[in-house]
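Chemist: As input, take work06.cif (mmCIF, C-alpha atoms and all ligand atoms):
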data_target
loop_
_atom_site.label_atom_id
_atom_site.label_comp_id
_atom_site.auth_asym_id
_atom_site.auth_seq_id
_atom_site.Cartn_x
_atom_site.Cartn_y
_atom_site.Cartn_z
CA MET A 551 199.20 88.68 204.56
CA HIS A 552 195.69 90.20 204.59
CA LYS A 553 195.99 92.62 207.52
CA LYS A 554 194.56 95.70 205.82
CA SER A 555 191.78 93.70 204.15
CA GLN A 556 190.80 92.32 207.54
CA GLU A 557 190.74 95.79 209.09
CA LEU A 558 188.56 97.09 206.28
CA PHE A 559 186.18 94.16 206.63
CA GLU A 560 185.82 94.84 210.36
CA LYS A 561 184.81 98.41 209.51
CA ALA A 562 182.49 97.28 206.72
CA LYS A 563 180.61 94.89 208.99
CA ASN A 564 179.13 97.89 210.79
CA ILE A 565 178.15 99.54 207.54
CA PHE A 566 176.80 96.89 205.15
CA PRO A 567 174.74 93.74 205.81
CA GLY A 568 177.36 91.08 206.47
CA GLY A 569 179.97 93.68 205.52
CA VAL A 570 179.29 93.43 201.79
CA ASN A 571 177.17 94.70 198.95
CA SER A 572 176.55 91.27 197.45
CA PRO A 573 176.45 88.09 199.56
CA VAL A 574 178.98 85.86 197.75
CA ARG A 575 181.68 88.49 198.27
CA ALA A 576 181.71 87.83 202.02
CA PHE A 577 183.71 84.56 201.62
CA LYS A 578 181.40 83.16 204.29
CA SER A 579 181.25 79.60 202.96
CA VAL A 580 185.02 79.33 202.57
CA GLY A 581 185.82 80.27 206.14
CA CYS A 582 187.92 83.39 205.70
CA SER A 583 187.29 87.07 205.25
CA PRO A 584 187.22 88.87 201.92
CA ILE A 585 190.24 90.51 200.40
CA TYR A 586 189.90 94.13 199.34
CA ILE A 587 190.97 94.84 195.79
CA GLU A 588 192.91 97.96 194.96
CA SER A 589 193.69 97.55 191.27
CA SER A 590 193.84 95.16 188.36
CA SER A 591 195.62 94.52 185.09
CA GLY A 592 195.10 91.77 182.52
CA ALA A 593 194.69 88.46 184.34
CA TYR A 594 195.76 89.95 187.69
CA LEU A 595 194.20 91.57 190.73
CA TYR A 596 196.16 93.45 193.41
CA ASP A 597 194.83 93.80 196.95
CA VAL A 598 195.23 96.57 199.51
CA ASP A 599 197.99 94.59 201.28
CA GLY A 600 200.11 94.47 198.13
CA ASN A 601 199.34 90.84 197.20
CA GLU A 602 199.00 89.75 193.58
CA TYR A 603 196.42 87.22 192.38
CA ILE A 604 195.62 85.47 189.12
CA ASP A 605 191.92 86.15 188.78
CA TYR A 606 189.41 83.41 187.92
CA ILE A 607 186.33 85.45 188.78
CA GLY A 608 186.69 88.21 186.20
CA SER A 609 184.17 90.38 188.06
CA TRP A 610 181.82 87.33 187.89
CA GLY A 611 182.05 87.22 184.13
CA PRO A 612 182.36 90.57 182.36
CA MET A 613 186.16 90.77 182.08
CA ILE A 614 186.57 88.34 179.19
CA CYS A 615 189.34 90.49 177.68
CA GLY A 616 191.13 90.84 181.00
CA HIS A 617 191.17 93.82 183.36
CA THR A 618 191.87 97.40 182.32
CA HIS A 619 192.15 96.53 178.63
CA PRO A 620 193.56 99.68 176.96
CA LYS A 621 190.85 99.71 174.25
CA VAL A 622 188.05 99.52 176.81
CA LEU A 623 189.66 102.23 178.96
CA GLU A 624 190.12 104.44 175.93
CA ALA A 625 186.48 104.05 174.90
CA ILE A 626 185.28 104.91 178.41
CA ASN A 627 187.65 107.87 178.65
CA GLU A 628 186.70 109.31 175.33
CA THR A 629 182.98 108.98 176.04
CA MET A 630 183.31 110.37 179.56
CA GLN A 631 184.78 113.63 178.26
CA LYS A 632 181.47 114.32 176.52
CA GLY A 633 179.28 113.53 179.50
CA ILE A 634 178.49 110.75 181.92
CA SER A 635 174.75 110.34 181.65
CA PHE A 636 171.98 112.20 179.88
CA GLY A 637 168.90 110.04 180.42
CA ALA A 638 168.38 110.60 176.70
CA CYS A 639 168.94 108.81 173.40
CA THR A 640 172.48 108.42 172.06
CA GLU A 641 174.01 106.92 168.92
CA LEU A 642 176.12 104.63 171.10
CA GLU A 643 172.98 102.70 172.11
CA ILE A 644 172.30 101.96 168.46
CA ASP A 645 175.93 100.98 167.86
CA LEU A 646 175.97 98.46 170.70
CA ALA A 647 172.50 97.11 169.89
CA THR A 648 173.49 96.56 166.27
CA LEU A 649 176.54 94.57 167.33
CA VAL A 650 174.43 92.45 169.66
CA GLN A 651 171.85 91.80 166.94
CA GLN A 652 174.57 90.70 164.53
CA MET A 653 175.86 88.21 167.08
CA PHE A 654 172.43 87.05 168.29
CA PRO A 655 170.13 86.75 165.27
CA SER A 656 167.25 85.68 167.56
CA ILE A 657 167.27 89.21 169.04
CA GLU A 658 165.20 91.16 166.55
CA ILE A 659 164.39 93.92 169.01
CA ILE A 660 166.36 94.72 172.15
CA ARG A 661 165.92 96.82 175.30
CA PHE A 662 168.90 97.85 177.44
CA VAL A 663 168.63 97.75 181.22
CA THR A 664 171.26 98.01 183.94
CA SER A 665 171.78 94.45 185.22
CA GLY A 666 171.17 90.79 184.53
CA THR A 667 168.58 90.70 187.32
CA GLU A 668 166.66 93.52 185.67
CA ALA A 669 166.90 91.83 182.27
CA CYS A 670 165.48 88.54 183.60
CA MET A 671 162.71 90.11 185.63
CA SER A 672 161.65 92.22 182.64
CA ALA A 673 161.71 89.24 180.29
CA ILE A 674 159.41 87.31 182.61
CA ARG A 675 156.99 90.21 182.96
CA LEU A 676 156.98 90.41 179.19
CA ALA A 677 156.37 86.68 178.79
CA ARG A 678 153.41 86.96 181.15
CA ALA A 679 152.10 90.01 179.31
CA TYR A 680 152.45 88.36 175.92
CA THR A 681 150.92 84.99 176.80
CA GLY A 682 148.42 86.21 179.39
CA ARG A 683 149.57 83.29 181.57
CA PRO A 684 150.81 83.53 185.17
CA LYS A 685 153.30 80.73 185.78
CA ILE A 686 156.93 80.24 184.94
CA ILE A 687 159.14 77.18 185.05
CA LYS A 688 162.73 77.44 186.21
CA PHE A 689 165.38 74.84 186.96
CA ALA A 690 166.80 74.04 190.40
CA GLY A 691 170.23 75.60 190.86
CA CYS A 692 169.75 78.14 188.09
CA TYR A 693 169.99 81.74 189.23
CA HIS A 694 168.34 84.53 187.28
CA GLY A 695 168.96 87.40 189.68
CA HIS A 696 167.18 88.28 192.89
CA TYR A 697 163.69 89.09 191.58
CA ASP A 698 160.97 87.45 193.71
CA SER A 699 159.86 84.94 191.07
CA PHE A 700 163.34 83.49 190.76
CA LEU A 701 164.22 82.85 194.40
CA ALA A 702 163.04 79.25 194.38
CA GLN A 703 165.85 76.70 194.68
CA ALA A 704 168.11 79.40 193.31
CA GLY A 705 171.81 78.93 192.67
CA SER A 706 174.69 81.39 193.17
CA GLY A 707 174.76 83.12 196.57
CA VAL A 708 171.50 81.48 197.69
CA ALA A 709 173.03 78.03 197.15
CA THR A 710 176.38 79.10 198.57
CA LEU A 711 174.84 80.21 201.83
CA GLY A 712 172.56 77.17 201.89
CA LEU A 713 169.54 79.44 202.28
CA PRO A 714 165.98 78.21 201.94
CA ASP A 715 163.89 80.25 199.57
CA SER A 716 163.98 83.88 200.68
CA PRO A 717 161.55 85.32 203.21
CA GLY A 718 159.86 88.42 201.86
CA VAL A 719 158.73 86.67 198.70
CA LEU A 720 154.92 86.62 198.81
CA PRO A 721 153.56 83.06 198.83
CA ASN A 722 151.11 83.78 196.03
CA LEU A 723 153.98 84.95 193.82
CA ALA A 724 156.23 82.04 194.78
CA SER A 725 153.44 79.63 193.89
CA GLU A 726 153.56 80.89 190.31
CA THR A 727 157.10 79.51 189.95
CA ILE A 728 157.48 75.81 189.25
CA THR A 729 160.94 74.35 189.74
CA VAL A 730 162.16 71.22 187.99
CA ASP A 731 165.55 69.53 187.70
CA TYR A 732 167.96 70.71 185.02
CA ASN A 733 168.55 68.09 182.30
CA ASN A 734 165.26 66.38 183.17
CA LEU A 735 162.78 66.63 180.31
CA GLU A 736 160.38 64.15 181.91
CA GLN A 737 159.85 66.40 184.91
CA LEU A 738 159.46 69.36 182.63
CA GLU A 739 156.79 67.69 180.53
CA LYS A 740 154.97 66.62 183.68
CA ALA A 741 154.96 70.24 184.92
CA PHE A 742 153.50 71.39 181.62
CA PHE A 743 150.92 68.63 181.67
CA GLN A 744 149.82 69.41 185.22
CA ASN A 745 149.48 73.13 184.50
CA PRO A 746 147.65 73.28 181.20
CA ASP A 747 147.46 76.71 179.57
CA SER A 748 149.11 78.47 182.49
CA ILE A 749 152.87 78.39 181.78
CA ALA A 750 154.01 81.72 180.32
CA ALA A 751 157.65 80.77 179.95
CA VAL A 752 160.47 78.43 180.74
CA ILE A 753 163.63 80.28 181.77
CA VAL A 754 166.96 78.49 181.74
CA GLU A 755 170.69 79.08 181.87
CA PRO A 756 171.44 77.00 178.75
CA VAL A 757 174.78 76.10 180.31
CA VAL A 758 174.44 76.54 184.06
CA GLY A 759 177.02 78.73 185.76
CA ASN A 760 175.28 79.43 189.04
CA ALA A 761 175.35 75.94 190.53
CA GLY A 762 178.89 75.60 189.33
CA CYS A 763 179.32 74.87 185.64
CA ILE A 764 176.83 72.26 184.40
CA LEU A 765 176.42 71.34 180.75
CA PRO A 766 173.20 70.38 178.99
CA LYS A 767 172.90 66.69 178.11
CA PRO A 768 172.57 66.01 174.40
CA GLY A 769 168.96 66.72 173.39
CA PHE A 770 168.04 68.66 176.54
CA LEU A 771 167.93 72.12 174.97
CA GLU A 772 166.21 70.75 171.85
CA GLY A 773 163.66 69.11 174.16
CA LEU A 774 163.04 72.43 175.90
CA ARG A 775 162.39 74.11 172.59
CA ASP A 776 159.98 71.36 171.51
CA LEU A 777 158.03 71.34 174.77
CA CYS A 778 157.69 75.13 174.77
CA ASP A 779 156.34 74.95 171.23
CA LYS A 780 153.98 72.11 172.11
CA TYR A 781 152.51 73.95 175.11
CA LEU A 782 152.64 77.43 173.50
CA SER A 783 155.00 78.82 176.13
CA LEU A 784 157.97 81.09 175.54
CA LEU A 785 161.52 79.85 175.87
CA VAL A 786 163.78 82.36 177.63
CA PHE A 787 167.53 81.78 177.51
CA ASP A 788 169.29 83.52 180.36
CA GLU A 789 172.63 84.18 178.69
CA VAL A 790 173.85 86.66 181.29
CA MET A 791 176.85 84.38 181.86
CA THR A 792 177.06 82.46 178.59
CA GLY A 793 176.36 85.33 176.19
CA PHE A 794 179.56 86.30 174.32
CA ARG A 795 181.47 83.86 176.53
CA LEU A 796 180.80 80.49 174.90
CA SER A 797 180.87 81.99 171.43
CA LEU A 798 180.05 85.36 169.87
CA GLY A 799 176.40 84.28 169.80
CA GLY A 800 176.48 82.59 173.20
CA ALA A 801 175.00 79.19 174.03
CA GLN A 802 172.24 79.57 171.47
CA GLU A 803 174.82 79.73 168.70
CA LYS A 804 176.93 76.96 170.18
CA TYR A 805 174.00 74.55 170.53
CA GLY A 806 171.94 75.81 167.59
CA ILE A 807 168.74 76.57 169.52
CA LYS A 808 166.62 79.67 168.93
CA PRO A 809 164.92 80.96 172.08
CA ASP A 810 161.99 83.39 171.94
CA LEU A 811 163.65 85.79 174.37
CA THR A 812 167.23 86.18 175.57
CA THR A 813 168.61 87.99 178.58
CA LEU A 814 172.13 89.39 178.64
CA GLY A 815 174.41 91.04 181.19
CA LYS A 816 178.05 91.03 182.28
CA ILE A 817 180.20 91.01 179.09
CA ILE A 818 177.70 93.22 177.24
CA GLY A 819 178.74 96.10 179.52
CA GLY A 820 182.48 95.43 179.49
CA GLY A 821 182.51 95.71 183.30
CA LEU A 822 179.99 98.53 183.63
CA PRO A 823 176.39 97.95 184.72
CA VAL A 824 174.57 96.95 181.53
CA GLY A 825 171.96 94.30 180.91
CA ALA A 826 169.58 93.67 178.03
CA TYR A 827 166.61 91.58 177.03
CA GLY A 828 165.39 91.00 173.52
CA GLY A 829 163.99 88.55 171.06
CA ARG A 830 161.13 88.07 168.63
CA ALA A 831 159.80 91.36 167.33
CA ASP A 832 156.15 90.39 167.83
CA ILE A 833 156.86 89.81 171.53
CA MET A 834 159.13 92.82 172.06
CA LYS A 835 156.44 95.07 170.54
CA MET A 836 154.55 94.60 173.80
CA VAL A 837 157.17 96.73 175.59
CA ALA A 838 156.30 100.38 176.36
CA PRO A 839 156.13 102.82 174.67
CA GLU A 840 155.32 100.65 171.66
CA GLY A 841 153.11 98.39 173.74
CA PRO A 842 151.50 98.24 177.17
CA MET A 843 154.09 96.28 179.20
CA TYR A 844 155.84 98.88 181.31
CA GLN A 845 159.55 98.83 182.00
CA ALA A 846 161.90 101.81 182.26
CA GLY A 847 165.25 102.95 183.66
CA THR A 848 167.05 106.23 184.32
CA LEU A 849 170.47 104.82 183.51
CA ALA A 850 169.35 102.33 180.85
CA GLY A 851 171.66 102.60 177.85
CA SER A 852 173.91 105.08 179.62
CA PRO A 853 176.87 106.19 177.50
CA LEU A 854 179.78 104.79 179.51
CA GLY A 855 178.29 101.30 179.65
CA MET A 856 177.46 101.41 175.95
CA ALA A 857 181.02 102.51 175.13
CA ALA A 858 182.67 99.85 177.30
CA GLY A 859 180.33 97.20 175.91
CA LYS A 860 180.97 98.22 172.34
CA ALA A 861 184.74 98.17 172.80
CA THR A 862 184.52 94.73 174.42
CA LEU A 863 182.30 93.28 171.70
CA GLU A 864 184.74 94.60 169.11
CA LEU A 865 187.65 92.92 170.89
CA ILE A 866 185.96 89.52 171.08
CA GLN A 867 185.47 89.57 167.31
CA GLU A 868 189.22 89.53 166.75
CA LYS A 869 190.46 86.50 164.89
CA GLY A 870 191.42 83.57 167.12
CA PHE A 871 189.79 85.01 170.26
CA TYR A 872 187.66 81.96 171.13
CA GLU A 873 190.30 79.52 169.88
CA LYS A 874 192.68 81.01 172.41
CA LEU A 875 190.14 80.67 175.22
CA GLU A 876 189.52 77.05 174.22
CA HIS A 877 193.24 76.33 174.22
CA ILE A 878 193.64 77.80 177.71
CA GLY A 879 190.60 75.87 178.89
CA MET A 880 191.87 72.59 177.52
CA THR A 881 195.31 73.07 179.04
CA LEU A 882 193.83 73.88 182.44
CA GLU A 883 191.36 71.01 182.27
CA LYS A 884 193.98 68.48 181.27
CA GLY A 885 196.39 69.72 183.95
CA ILE A 886 193.78 69.61 186.72
CA ARG A 887 192.68 66.10 185.76
CA GLN A 888 196.31 64.89 185.85
CA ILE A 889 196.89 66.43 189.27
CA ALA A 890 193.66 64.93 190.66
CA ASP A 891 194.74 61.51 189.35
CA LYS A 892 198.21 61.92 190.83
CA TYR A 893 196.80 62.54 194.33
CA GLN A 894 193.78 60.29 193.81
CA ILE A 895 191.39 63.06 194.71
CA PRO A 896 187.93 62.33 193.32
CA ILE A 897 186.63 65.27 191.33
CA VAL A 898 184.19 66.00 188.56
CA LEU A 899 185.46 68.71 186.27
CA ASN A 900 182.86 70.38 184.06
CA ARG A 901 183.99 72.83 181.43
CA CYS A 902 182.38 74.69 178.59
CA GLY A 903 184.82 77.01 176.81
CA SER A 904 186.09 79.59 179.29
CA MET A 905 183.88 78.57 182.20
CA LEU A 906 184.62 75.59 184.40
CA SER A 907 184.05 74.07 187.81
CA VAL A 908 185.86 71.50 189.88
CA PHE A 909 183.41 69.60 192.09
CA PHE A 910 184.90 67.64 194.97
CA THR A 911 182.56 64.68 194.69
CA GLN A 912 182.59 60.91 194.35
CA ALA A 913 179.67 61.21 191.92
CA GLU A 914 180.37 60.09 188.36
CA GLN A 915 178.86 63.21 186.84
CA VAL A 916 177.44 66.56 187.87
CA TYR A 917 174.45 67.19 185.64
CA ASP A 918 171.99 69.00 187.92
CA TYR A 919 171.73 70.80 191.25
CA ASN A 920 171.30 67.59 193.28
CA SER A 921 174.47 66.07 191.87
CA ALA A 922 176.30 69.41 192.39
CA LYS A 923 175.25 69.28 196.04
CA THR A 924 177.04 65.95 196.53
CA SER A 925 180.26 68.01 196.56
CA ASP A 926 182.32 68.22 199.71
CA ALA A 927 181.90 71.90 200.59
CA HIS A 928 184.41 71.59 203.42
CA ARG A 929 187.10 70.30 201.06
CA PHE A 930 186.30 73.04 198.56
CA ALA A 931 186.67 75.67 201.29
CA LYS A 932 190.11 74.32 202.22
CA PHE A 933 191.12 74.20 198.58
CA PHE A 934 189.95 77.78 198.08
CA ARG A 935 192.06 79.02 201.01
CA LEU A 936 195.15 77.10 199.89
CA MET A 937 194.82 78.60 196.42
CA LEU A 938 194.32 82.11 197.78
CA GLU A 939 197.52 81.75 199.84
CA ARG A 940 199.27 80.84 196.58
CA GLY A 941 197.97 83.89 194.73
CA ILE A 942 195.06 82.34 192.86
CA TYR A 943 191.69 84.08 193.23
CA LEU A 944 188.90 81.54 192.67
CA PRO A 945 185.18 82.11 193.16
CA PRO A 946 184.60 81.68 196.90
CA SER A 947 181.91 79.08 196.36
CA GLN A 948 181.52 75.54 195.09
CA PHE A 949 178.42 76.81 193.27
CA GLU A 950 180.03 79.39 191.00
CA ALA A 951 181.90 78.90 187.74
CA TRP A 952 185.52 79.91 187.25
CA PHE A 953 185.95 82.36 184.40
CA PHE A 954 189.17 83.11 182.57
CA SER A 955 190.01 85.67 179.94
CA SER A 956 192.08 86.24 176.83
CA ALA A 957 194.67 87.84 179.13
CA HIS A 958 195.35 84.45 180.75
CA ASN A 959 198.45 83.11 179.03
CA GLU A 960 200.72 80.10 179.35
CA THR A 961 202.57 81.74 182.30
CA GLU A 962 199.37 82.16 184.30
CA ILE A 963 198.23 78.62 183.53
CA VAL A 964 201.57 77.15 184.63
CA LYS A 965 201.42 79.15 187.90
CA THR A 966 197.80 78.08 188.44
CA LEU A 967 198.54 74.40 187.88
CA LYS A 968 201.52 74.58 190.23
CA ALA A 969 199.27 76.08 192.91
CA ILE A 970 196.66 73.38 192.31
CA ASP A 971 199.33 70.68 192.59
CA GLU A 972 200.56 72.07 195.93
CA SER A 973 197.03 72.56 197.21
CA PHE A 974 195.89 69.05 196.30
CA GLU A 975 199.01 67.63 197.96
CA GLN A 976 198.12 69.61 201.06
CA LEU A 977 194.53 68.39 200.97
CA VAL A 978 195.74 64.79 200.98
CA LEU A 979 198.25 65.44 203.80
CA GLU A 980 195.62 67.13 205.97
CA ASN A 981 193.09 64.34 205.49
N1 LIG B 1 175.47 86.62 189.62
C1 LIG B 1 176.84 86.46 189.92
C2 LIG B 1 177.30 85.10 189.59
N2 LIG B 1 176.65 84.09 190.27
C3 LIG B 1 177.18 86.71 191.31
C4 LIG B 1 177.37 88.09 191.56
C5 LIG B 1 176.90 88.37 192.92
O1 LIG B 1 175.89 87.76 193.32
O2 LIG B 1 177.57 89.18 193.54
#
Can I see the file as structure tokens?
Modeler:
Amino acid sequence: MHKKSQELFEKAKNIFPGGVNSPVRAFKSVGCSPIYIESSSGAYLYDVDGNEYIDYIGSWGPMICGHTHPKVLEAINETMQKGISFGACTELEIDLATLVQQMFPSIEIIRFVTSGTEACMSAIRLARAYTGRPKIIKFAGCYHGHYDSFLAQAGSGVATLGLPDSPGVLPNLASETITVDYNNLEQLEKAFFQNPDSIAAVIVEPVVGNAGCILPKPGFLEGLRDLCDKYLSLLVFDEVMTGFRLSLGGAQEKYGIKPDLTTLGKIIGGGLPVGAYGGRADIMKMVAPEGPMYQAGTLAGSPLGMAAGKATLELIQEKGFYEKLEHIGMTLEKGIRQIADKYQIPIVLNRCGSMLSVFFTQAEQVYDYNSAKTSDAHRFAKFFRLMLERGIYLPPSQFEAWFFSSAHNETEIVKTLKAIDESFEQLVLEN
């Protein structure tokens, strides 16, 4: 079934570390080897062996309108005819930035970069520059890219591989990162109290996607805002996953919280490498060349990414877009819960709009990294393989969120639920 993929992976192992260019792609924690994708369309991926899959990764988030959307392709094509990259200013940068500012009123000034990692690392440098303070607070299980300051109890691939904090991060830099539990305001206040006048910023995924999907408890985000104000620290919302996904204005619109800085990635580039950070004008004025905080990029704001991002942000403004995603989400959620009940498989299902996770755990709730880690990784791995055999492409990790798109329709949901039913039945039989 995956003969050619397996051959390619054997070759790749001698070329790339672990055979891949990003760790979670290796399928290491789910006990099989990666499939190699040849093409895509709408909700579907096609591999090099001719297999078809319904995709719940969506390139880890960007493909909210489905793959190869004709309007996105057209925008890229048209732009490409005029040139690929100039390393110079273009009107397209202003067009995309204006759309982002309309959707995220907290972003008064914006800077484009080329990835979510770059956006987060720049935002933290800026927070340190603005406040003159060294430390940051992050939450266990949140992942803000692979910059040194963030590799403390990080989610995503770090959690998937069960790695301790990465070697190569200098101890004196690591000691400037304080990690507390998500949804725990008491711990957060204690960290502020114990580090008076030294916390530059608190960075958070307002809805976590990188430890699986975890929602904020009522009052948590409000509490973050209040504590940052009380201790004169900046609040940074990492909306690389949630931006444009949970609503046009991301989690900050959905929950009505105004961060000082926001980081964006994924959907903003429509599948091309684009990230951004932005926020209060008085803070963003610190960024070079207007201010002294240096940050630059050869391909920042490059035309193809701007064009794909603009086309995508236009598509998500179409009437009924988020209602459709919610409908799909509710149908999936309801179906999965019924199937779990039918086979008496204990799960916790967390969902926020078009991101969701199924945790195989006896726990009553998953509300932080510790509760996420109560999941049975072995059972998840089996489930993943059973689903793959049935043509459903899930994230190959218990600690990643499933994403679906506006191209997922009733047909795909019915096929997905059928595969889940068969897979759960199999899980019970094999127990
Ligand atoms: N940041 C992405 C979601 N966790 C994963 C992409 C990757 O690490 O390859």
Chemist: Please identify the residues whose atoms come within 12 Å of ligand LIG 1 (chain B), using all atoms listed in the file, and report them as a PyMOL selection string.
Modeler: chain A and resi 570-577+607-612+665-668+670+691-696+704-711+755+758-763+788-792+814-816+905+945-953
Chemist: Would you list the contacts of Gly773 of chain A as a VMD selection string, taking every protein, DNA or RNA residue within 10 Å and counting all atoms listed in the file, but skipping same-chain residues closer than 2 positions in sequence?
Modeler: chain A and resid 733 to 736 738 to 739 768 to 771 775 to 779
Chemist: So which one's closest to Pro823 of chain A, A:Pro584, A:Pro684, A:Gly855, A:Pro567? Using all atoms listed in the file, please.
Modeler: A:Gly855
Chemist: How many Å separate atom CA of Asp599 of chain A from atom CA of Glu975 of chain A?
Modeler: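 Going from atom CA of Asp599 of chain A over to atom CA of Glu975 of chain A, I get 27.2 Å.
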Chemist: So, counting all atoms listed in the file, which residue among A:Ile807, A:Val908, A:Leu701, A:Ala673 is closest to Ser925 of chain A?
Modeler: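 That would be A:Val908, the residue with the smallest distance to Ser925 of chain A.
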Chemist: Rounded to one decimal in Å, what is the spacing between atom CA of Phe933 of chain A and atom CA of Val598 of chain A?
Modeler: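 Separating atom CA of Phe933 of chain A from atom CA of Val598 of chain A is a distance of 22.8 Å.
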Chemist: In Å, how far is it from atom CA of Tyr919 of chain A to atom CA of Ala724 of chain A?
Modeler: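 Taking atom CA of Tyr919 of chain A and atom CA of Ala724 of chain A, their separation equals 19.5 Å.
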Chemist: So that I can check the surroundings of Phe787 of chain A, please list as a ChimeraX atom specification every protein, DNA and RNA residue that reaches within 9 Å of it, counting only C-alpha atoms and ignoring chain neighbours fewer than 2 positions away.
Modeler: /A:752-756,785,789-790,801-802,808-814
Chemist: Between A:Ile817, A:Leu944, A:Leu863, A:Ile886, which is the closest to Glu972 of chain A once you count only C-alpha atoms?
Modeler: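 Distance minimum relative to Glu972 of chain A lands on A:Ile886.
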